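In what follows, a structure is listed as structure tokens, so that the remarks can point back to it.
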Amino acid sequence: MHLIEIRNLSKQYGTKTILQNITFSLNSGEVLGILGPNGAGKTTLLKIICGLVKPSDGQVNLNGISPYQVATIFEDQRFLGHLSGIKNMKLILRTIYEKEFPLNEKFQKFGLDDSKKVKYKLYSSGMKRKLDLMSIFVSGKQLFVLDEPTNALDIDSIIAFNEQVISLKNQGKSFIIASHRAFELEKTCDFFLLIDKGAVVAEMSKEEVLRKFNSLEHAYRSIFHKSTTNNFLA
Amino acid sequence: MIRIARIELVKYVRAFVLIIICFVLSEAIFVSRIEAKNFFQYGIFDFDTFKIVNSSFTTLVTSAIPFTIMLNICNEFSNGYALKLISNGLPRASYCTSKFILAGALATISMLLYILIISFFLTIQRTTYFDKAIFISSSIQTLVFSLFFSSVAASISLLVRSWQYTILIYYGYVVIESLIAYRFGEKISWVTYLPFHFSVSIFQLQTVPEHFSDYWLPACIVIPFCLVIVWSCYHFFKKADL
């Protein structure tokens, strides 16, 4: 039995179709990368998987995973601005898990030791993202649903994040990561889902991508017919 | 859930205290000085002063507490904190329950504040009026009506999740009910028993229940009204797209 099974998932807001007939599955210890242009439906798909948005049609089966075992990161979710980083961490972990976690070591590991008593609203975007990552990696979750997890992170932190994903993957944890950074997804993911206008355009394993297109970026450009110059700036 | 509510209570109390300070200052400066002449000129705590304190508390209970709750809950949705909790494993029902516990905590604080203020006035002022039974019933009403108004405010906030619309719906309904009561109150008997209007009129001592049985009718109106709204909140919040 798969850890996650998504069958014919569709979502409409009024007459507007956001997702249509999405089907895929994921096993323990696998990392799925979701790639697609802006407005393709990536975030909505992730929100449906973690239960924030209800699907209009289709099924999401999280076999043997309780909501407590799902960790998420989304762009539009924040900690409380008037509390310090460490107070926010304590608050959110106590609220969800009703127990204490050793945090000082984690703050040191994530490079936030000097700013753990600084108010969250004074954090830079990168520091906020590090705190997000700390909150999901501290608690031993089974499934990680991450939307643009490396946004605003510096190079060292991105490398550390990728290492952490691979380490957890080897421990049997599963990841679903949506990102625009093809070269980063390529390093950590086993499978890729390319979606556009709410529908799956291609579903490929890492080996398939490398064999057919040489890299995920080339695969993206070939499948979506993009030229080498950025259309937006051209 | 009590633990969650306890952690967040400080945040709510802070906002509540700020609103109370603004409210009490404006009330003391603009309203009470005119209406409670005996109190401000001669230092006498009489029946009129007692009515004015109750009237001020009516505004507190119907406006300040719901306002605090609405702003805090909607703010949690607009800044993404509520979504962070729910998407990381906090059940939606638990989130709702924690908000209702917070609403209850604010209602209890308002009752304690009421008792404290009346006791303070009785201690420092010459008293020509003090009815123990009415004082006790007013204290209980402070708690009950605070619970009622705050749970309604919490329910609307959880259902709507946008502070502009929440405030519009809550105060819009209060204004419409007041207008109906003002316009048709004397002609149509049931209009007097509309939940908001009825709660306020009892609390302001415009209608003083004399017997225990006098409480049955308001209870039969206010409690089901409140339960329906709270149930709707749980039901629709569980199914909502956040």
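Here's how to read the names in the structure tokens: chain A, B, ... by the order shown, residue numbers from 1 in each chain, ligand numbers from 1 in the order shown.
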task = Skip region 101-112 of chain B itself and residues of its chain fewer than 3 positions away, then list as JSON, numbers by chain all residues within 9 Å of it, counting only C-alpha atoms.
result = {"B": [1, 2, 5, 6, 8, 9, 12, 13, 16, 57, 60, 61, 65, 66, 69, 96, 97, 98, 115, 116, 117, 139, 140, 141, 142, 143, 144, 145, 146, 147, 148, 149, 150, 151, 153, 154]}
task = Fewer than 4 positions away in the same chain doesn't count, so skip those; otherwise give me all residues within 12 Å of Phe161 (chain A), counting only C-alpha atoms, as a ChimeraX atom specification.
result = /A:109-110,129-130,132-134,136-137,146,149-151,153-157,165-168,184-185,187-188
I need the residues from that last selection saved to file as an mmCIF file, in the first residue's frame (with N, CA, C and O atoms), if you can.
data_model
loop_
_atom_site.group_PDB
_atom_site.id
_atom_site.type_symbol
_atom_site.label_atom_id
_atom_site.label_comp_id
_atom_site.auth_asym_id
_atom_site.auth_seq_id
_atom_site.Cartn_x
_atom_site.Cartn_y
_atom_site.Cartn_z
ATOM 1 N N LYS A 109 22.162 25.099 15.466
ATOM 2 C CA LYS A 109 22.348 24.341 14.230
ATOM 3 C C LYS A 109 21.851 25.131 13.013
ATOM 4 O O LYS A 109 22.446 25.078 11.942
ATOM 5 N N PHE A 110 20.750 25.860 13.196
ATOM 6 C CA PHE A 110 20.168 26.615 12.075
ATOM 7 C C PHE A 110 20.763 28.025 11.946
ATOM 8 O O PHE A 110 20.284 28.827 11.153
ATOM 9 N N ARG A 129 12.426 31.922 7.105
ATOM 10 C CA ARG A 129 12.336 30.617 6.454
ATOM 11 C C ARG A 129 13.098 29.555 7.257
ATOM 12 O O ARG A 129 12.668 28.407 7.372
ATOM 13 N N LYS A 130 14.238 29.949 7.842
ATOM 14 C CA LYS A 130 14.991 29.002 8.682
ATOM 15 C C LYS A 130 14.150 28.556 9.876
ATOM 16 O O LYS A 130 14.171 27.393 10.276
ATOM 17 N N ASP A 132 10.896 28.472 9.971
ATOM 18 C CA ASP A 132 9.886 27.548 9.415
ATOM 19 C C ASP A 132 10.455 26.138 9.320
ATOM 20 O O ASP A 132 9.828 25.170 9.744
ATOM 21 N N LEU A 133 11.664 26.056 8.765
ATOM 22 C CA LEU A 133 12.288 24.741 8.567
ATOM 23 C C LEU A 133 12.576 24.073 9.911
ATOM 24 O O LEU A 133 12.370 22.876 10.086
ATOM 25 N N MET A 134 13.028 24.896 10.864
ATOM 26 C CA MET A 134 13.312 24.338 12.190
ATOM 27 C C MET A 134 12.047 23.744 12.812
ATOM 28 O O MET A 134 12.070 22.670 13.389
ATOM 29 N N ILE A 136 9.546 22.393 11.415
ATOM 30 C CA ILE A 136 9.078 21.109 10.848
ATOM 31 C C ILE A 136 10.086 19.983 11.072
ATOM 32 O O ILE A 136 9.711 18.830 11.166
ATOM 33 N N PHE A 137 11.361 20.340 11.178
ATOM 34 C CA PHE A 137 12.370 19.279 11.325
ATOM 35 C C PHE A 137 12.586 18.860 12.787
ATOM 36 O O PHE A 137 13.208 17.853 13.057
ATOM 37 N N LEU A 146 6.007 20.690 1.316
ATOM 38 C CA LEU A 146 6.751 21.956 1.352
ATOM 39 C C LEU A 146 6.548 22.757 0.068
ATOM 40 O O LEU A 146 6.784 22.254 -1.033
ATOM 41 N N PRO A 149 10.349 25.686 -0.296
ATOM 42 C CA PRO A 149 11.007 25.671 1.017
ATOM 43 C C PRO A 149 12.332 26.426 1.071
ATOM 44 O O PRO A 149 12.757 26.845 2.139
ATOM 45 N N THR A 150 12.995 26.597 -0.090
ATOM 46 C CA THR A 150 14.324 27.230 -0.048
ATOM 47 C C THR A 150 14.286 28.708 -0.427
ATOM 48 O O THR A 150 15.347 29.326 -0.572
ATOM 49 N N ASN A 151 13.084 29.251 -0.573
ATOM 50 C CA ASN A 151 12.986 30.683 -0.891
ATOM 51 C C ASN A 151 13.703 31.519 0.163
ATOM 52 O O ASN A 151 13.513 31.311 1.357
ATOM 53 N N LEU A 153 16.604 31.540 1.225
ATOM 54 C CA LEU A 153 17.720 30.945 1.990
ATOM 55 C C LEU A 153 19.062 31.230 1.303
ATOM 56 O O LEU A 153 19.131 31.314 0.071
ATOM 57 N N ASP A 154 20.121 31.356 2.107
ATOM 58 C CA ASP A 154 21.447 31.528 1.518
ATOM 59 C C ASP A 154 21.979 30.163 1.042
ATOM 60 O O ASP A 154 21.368 29.116 1.319
ATOM 61 N N ILE A 155 23.105 30.189 0.336
ATOM 62 C CA ILE A 155 23.601 28.953 -0.304
ATOM 63 C C ILE A 155 23.911 27.871 0.726
ATOM 64 O O ILE A 155 23.538 26.703 0.565
ATOM 65 N N ASP A 156 24.563 28.259 1.829
ATOM 66 C CA ASP A 156 24.898 27.275 2.870
ATOM 67 C C ASP A 156 23.638 26.603 3.409
ATOM 68 O O ASP A 156 23.611 25.389 3.657
ATOM 69 N N SER A 157 22.597 27.416 3.609
ATOM 70 C CA SER A 157 21.358 26.873 4.169
ATOM 71 C C SER A 157 20.664 25.957 3.177
ATOM 72 O O SER A 157 20.060 24.953 3.573
ATOM 73 N N VAL A 165 17.066 16.757 3.879
ATOM 74 C CA VAL A 165 16.020 16.021 3.146
ATOM 75 C C VAL A 165 16.510 14.615 2.807
ATOM 76 O O VAL A 165 15.800 13.621 3.041
ATOM 77 N N ILE A 166 17.736 14.525 2.304
ATOM 78 C CA ILE A 166 18.272 13.210 1.918
ATOM 79 C C ILE A 166 18.434 12.311 3.157
ATOM 80 O O ILE A 166 18.100 11.126 3.134
ATOM 81 N N SER A 167 18.890 12.923 4.251
ATOM 82 C CA SER A 167 19.059 12.146 5.485
ATOM 83 C C SER A 167 17.715 11.608 5.992
ATOM 84 O O SER A 167 17.611 10.436 6.363
ATOM 85 N N LEU A 168 16.695 12.451 5.977
ATOM 86 C CA LEU A 168 15.371 12.010 6.448
ATOM 87 C C LEU A 168 14.750 10.995 5.486
ATOM 88 O O LEU A 168 14.054 10.075 5.908
ATOM 89 N N GLU A 184 17.616 22.541 -7.812
ATOM 90 C CA GLU A 184 17.568 22.079 -6.411
ATOM 91 C C GLU A 184 16.708 20.830 -6.275
ATOM 92 O O GLU A 184 17.066 19.888 -5.553
ATOM 93 N N LEU A 185 15.575 20.847 -6.984
ATOM 94 C CA LEU A 185 14.690 19.669 -6.939
ATOM 95 C C LEU A 185 15.430 18.429 -7.451
ATOM 96 O O LEU A 185 15.281 17.341 -6.914
ATOM 97 N N LYS A 187 18.382 17.587 -7.142
ATOM 98 C CA LYS A 187 19.327 16.996 -6.181
ATOM 99 C C LYS A 187 18.652 16.081 -5.172
ATOM 100 O O LYS A 187 19.267 15.158 -4.658
ATOM 101 N N THR A 188 17.395 16.381 -4.840
ATOM 102 C CA THR A 188 16.766 15.646 -3.741
ATOM 103 C C THR A 188 15.641 14.707 -4.162
ATOM 104 O O THR A 188 15.344 13.747 -3.453
#
message = Could you work out which residues of chain B fall inside 8 Å of chain A? Count only C-alpha atoms, and format the result as a ChimeraX atom specification.
response = /B:3-4,7,79-81,83-91,239-242
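CA of Lys206 (chain A) to CA of Val60 (chain A) spans 24.1 Å [interatomic distance, one decimal].
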inquiry  = Which of region 31-212 of chain B end up as alpha helix (DSSP H) when DSSP is run on this backbone - answer as a PyMOL selection string?
reply    = chain B and resi 33-35+37+47-59+65-78+81-87+92-124+132-160+163-184+195-203
inquiry  = Quick check for you: according to DSSP on this backbone, which residues of region 73-226 of chain A are classed as strand (DSSP E or B)? Reply as a list in words.
reply    = Ile73, Ser84, Lys119, Leu143, Phe144, Val145, Leu146, Asp147, Ser174, Phe175, Ile176, Ile177, Ala178, Phe191, Phe192, Leu193, Leu194, Ile195, Asp196, Ala199, Val200, Val201, Ala202, Glu203, Met204 and Ser205 of chain A
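Distances to Ile221 (chain B) were evaluated for B:Asp48, B:Glu186, B:Val200, B:Tyr193 using only C-alpha atoms, and the minimum falls at B:Tyr193.
When the distance limit is 12 Å and only C-alpha atoms are what count, the residues near Glu208 (chain A), minus those fewer than 3 positions from it on the same chain, are Glu186, Asp190, Phe191, Phe192, Ala202, Glu203, Met204, Ser205, Arg211, Lys212, Phe213, Asn214, Ser215, Leu216 and Ala219 of chain A.
The spacing separating CA of Leu122 (chain B) from CA of Ser138 (chain B) amounts to 15.2 Å.
Pairwise distance (CA of Cys233 (chain B), CA of Ser94 (chain B)) equals 12.5 Å.
Between Asn27 (chain A) and the candidates A:Met1, A:Ile6, A:Val118, A:Ala160, the tightest atom-to-atom separation, counting only C-alpha atoms, involves A:Met1.
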request  = Compile the contact shell of region 84-89 of chain A as a VMD selection string: residues with an atom at most 6 Å away, counting only C-alpha atoms, same-chain residues fewer than 6 positions apart removed.
outcome  = chain A and resid 116 to 120
message = Which residues are close to Lys42 (chain A), i.e. within 9 Å by only C-alpha atoms, leaving aside same-chain residues fewer than 4 positions away? Reply as an MDAnalysis selection string.
response = chainID A and resid 19 34:38 46:47 147 178:179 195:196 198
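Every protein, DNA or RNA residue with an atom at most 8 Å from region 222-231 of chain B, where only C-alpha atoms count and chain neighbours fewer than 4 positions away do not, is listed here: Phe148, Ser151, Val152, Ser155, Pro195, Ser199, Pro218 and His235 of chain B.
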Selection to disk with all heavy atoms, as a compact mmCIF listing (two decimals), in the first residue's frame:
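Generated output (out-v2.txt):
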# COMPACT_ATOMS: atom_id res chain seq x y z
N PHE B 148 -22.36 34.85 25.91
CA PHE B 148 -23.22 34.83 24.73
C PHE B 148 -22.62 35.66 23.59
O PHE B 148 -22.40 35.17 22.48
CB PHE B 148 -24.61 35.35 25.12
CG PHE B 148 -25.51 35.65 23.95
CD1 PHE B 148 -25.93 34.64 23.10
CD2 PHE B 148 -25.92 36.95 23.70
CE1 PHE B 148 -26.76 34.92 22.03
CE2 PHE B 148 -26.75 37.23 22.63
CZ PHE B 148 -27.17 36.21 21.79
N SER B 151 -19.16 34.33 22.36
CA SER B 151 -19.20 33.11 21.56
C SER B 151 -19.80 33.38 20.18
O SER B 151 -19.38 32.77 19.19
CB SER B 151 -19.94 31.98 22.27
OG SER B 151 -21.22 32.40 22.63
N VAL B 152 -20.75 34.31 20.11
CA VAL B 152 -21.29 34.68 18.80
C VAL B 152 -20.20 35.35 17.97
O VAL B 152 -20.01 35.02 16.79
CB VAL B 152 -22.51 35.64 18.96
CG1 VAL B 152 -22.90 36.26 17.62
CG2 VAL B 152 -23.69 34.89 19.55
N SER B 155 -17.70 32.77 16.81
CA SER B 155 -18.27 31.93 15.74
C SER B 155 -18.23 32.66 14.41
O SER B 155 -17.79 32.09 13.40
CB SER B 155 -19.72 31.57 16.05
OG SER B 155 -19.81 30.92 17.27
N PRO B 195 -32.70 38.21 20.54
CA PRO B 195 -31.62 37.90 21.50
C PRO B 195 -30.77 39.09 21.95
O PRO B 195 -30.60 39.30 23.16
CB PRO B 195 -30.77 36.88 20.76
CG PRO B 195 -31.62 36.35 19.69
CD PRO B 195 -32.67 37.34 19.37
N SER B 199 -31.17 40.76 25.69
CA SER B 199 -30.04 40.68 26.62
C SER B 199 -29.68 42.06 27.14
O SER B 199 -29.50 42.27 28.35
CB SER B 199 -28.81 40.11 25.91
OG SER B 199 -29.14 39.02 25.15
N PRO B 218 -35.89 34.30 28.54
CA PRO B 218 -34.63 34.70 27.90
C PRO B 218 -33.69 33.53 27.66
O PRO B 218 -33.05 33.44 26.62
CB PRO B 218 -34.01 35.70 28.89
CG PRO B 218 -34.84 35.69 30.09
CD PRO B 218 -36.15 35.09 29.75
N HIS B 235 -19.43 23.16 12.33
CA HIS B 235 -19.81 22.40 11.15
C HIS B 235 -19.17 22.99 9.88
O HIS B 235 -18.55 22.27 9.10
CB HIS B 235 -21.34 22.41 11.02
CG HIS B 235 -21.84 21.66 9.84
ND1 HIS B 235 -21.83 20.28 9.79
CD2 HIS B 235 -22.34 22.08 8.64
CE1 HIS B 235 -22.30 19.90 8.62
NE2 HIS B 235 -22.62 20.97 7.91
